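Visitor: Please read through the structure below; I'll follow up with questions.
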Amino acid sequence: QVQLVESGGGLVQPGGSRLLSCRASGTVFSMSAMGWYRQAPGKQRELVAQINRDGSADYADSVKGRFTISRDDNWRAAYLQMSSLKPEDTAVYYCKLEQVGNNYWGQGTQVTVSS
């Protein structure tokens with residue numbers, strides 16, 4: 001079993017930055033994939049960014065150039081550095097870990113971009 005805990009959410013002004021963290025506990029394999037998703041009110045959950053097993057990263061078009069995903073060398077933590085935040089980035093952000101065909105989700109952390 002894997003448990004994921006996100007942190008770092010909060011209120012930020014437009015144009016500001018925020019760092020989200022996701023820490024994994026339990027049995028985590030080194031070749032797992034981790035990603036960040038978000039869900040805004042009334043909308044479906046969408047992929048924001050993910051780090052693949054080969055270390056490459058993918059981003060949603062809406063966050064390219066503004067967000068950066070990274071993870072620890074021990075594969076037990078992932079981060080989402082968000083910059084130039086916009087009101088439309090407001091959402092609950094979820095961390096996901098995929099390994100051995102299973103998907104694990106955190107409880108989410110709220111990010112609100114507002115002046």
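Going by the structure tokens order, chains are called A, B, ..., each with residues numbered from 1, while ligands are numbered from 1 in the order shown.
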Give me, as a compact mmCIF listing (two decimals) with N, CA and C atoms, in the first residue's frame, all polymer residues having an atom no more than 8 Å from Ala60 in chain A, counting only C-alpha atoms and skipping those fewer than 5 positions away in the same chain.
Guide:
# COMPACT_ATOMS: atom_id res chain seq x y z
N LEU A 47 -5.05 16.39 -15.83
CA LEU A 47 -3.61 16.26 -15.63
C LEU A 47 -2.95 17.63 -15.72
N VAL A 48 -2.09 17.92 -14.76
CA VAL A 48 -1.31 19.15 -14.78
C VAL A 48 0.11 18.85 -15.25
N ALA A 49 0.74 17.89 -14.63
CA ALA A 49 2.12 17.52 -14.98
C ALA A 49 2.41 16.13 -14.44
Visitor: For range 84-98 of chain A, find every residue with an atom within 8 Å (counting only C-alpha atoms), except residues of its own chain fewer than 6 positions away, and show them as a PyMOL selection string.
Guide: chain A and resi 4-6+12-17+22+32-41+66+104-114
Visitor: What is the distance, in Å and to one decimal place, between CA of Asp72 in chain A and CA of Arg45 in chain A?
Guide: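 Spanning CA of Asp72 in chain A to CA of Arg45 in chain A is a straight-line distance of 24.9 Å.
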Visitor: Could you list, as a ChimeraX atom specification, every residue within 8 Å of Gly26 in chain A, counting only C-alpha atoms and ignoring same-chain residues fewer than 3 positions away?
Guide: /A:1-3
Visitor: For Gly55 in chain A, work out the shell of residues within 12 Å, counting only C-alpha atoms and skipping chain neighbours fewer than 2 positions away, then give it as an NGL selection string.
Guide: :A and (30-35 or 50-53 or 57-58 or 69-73 or 75)
Visitor: Where in range 75-105 of chain A does DSSP assign strand (DSSP E), given as a PyMOL selection string?
Guide: chain A and resi 77-82+91-99+102-105
Visitor: State, in Å with one decimal place, the distance from CA of Leu80 in chain A to CA of Ser25 in chain A.
Guide: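 Computing the Euclidean distance for CA of Leu80 in chain A and CA of Ser25 in chain A yields 18.2 Å.
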Visitor: State, in Å with one decimal place, the distance from CA of Tyr59 in chain A to CA of Arg76 in chain A.
Guide: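 We find that CA of Tyr59 in chain A and CA of Arg76 in chain A lie 20.5 Å from each other.
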Visitor: Pick the closest to Arg18 in chain A from A:Phe67, A:Glu46, A:Asn103, A:Ser115: which is it, counting only C-alpha atoms?
Guide: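 Result for the nearest residue to Arg18 in chain A: A:Phe67.
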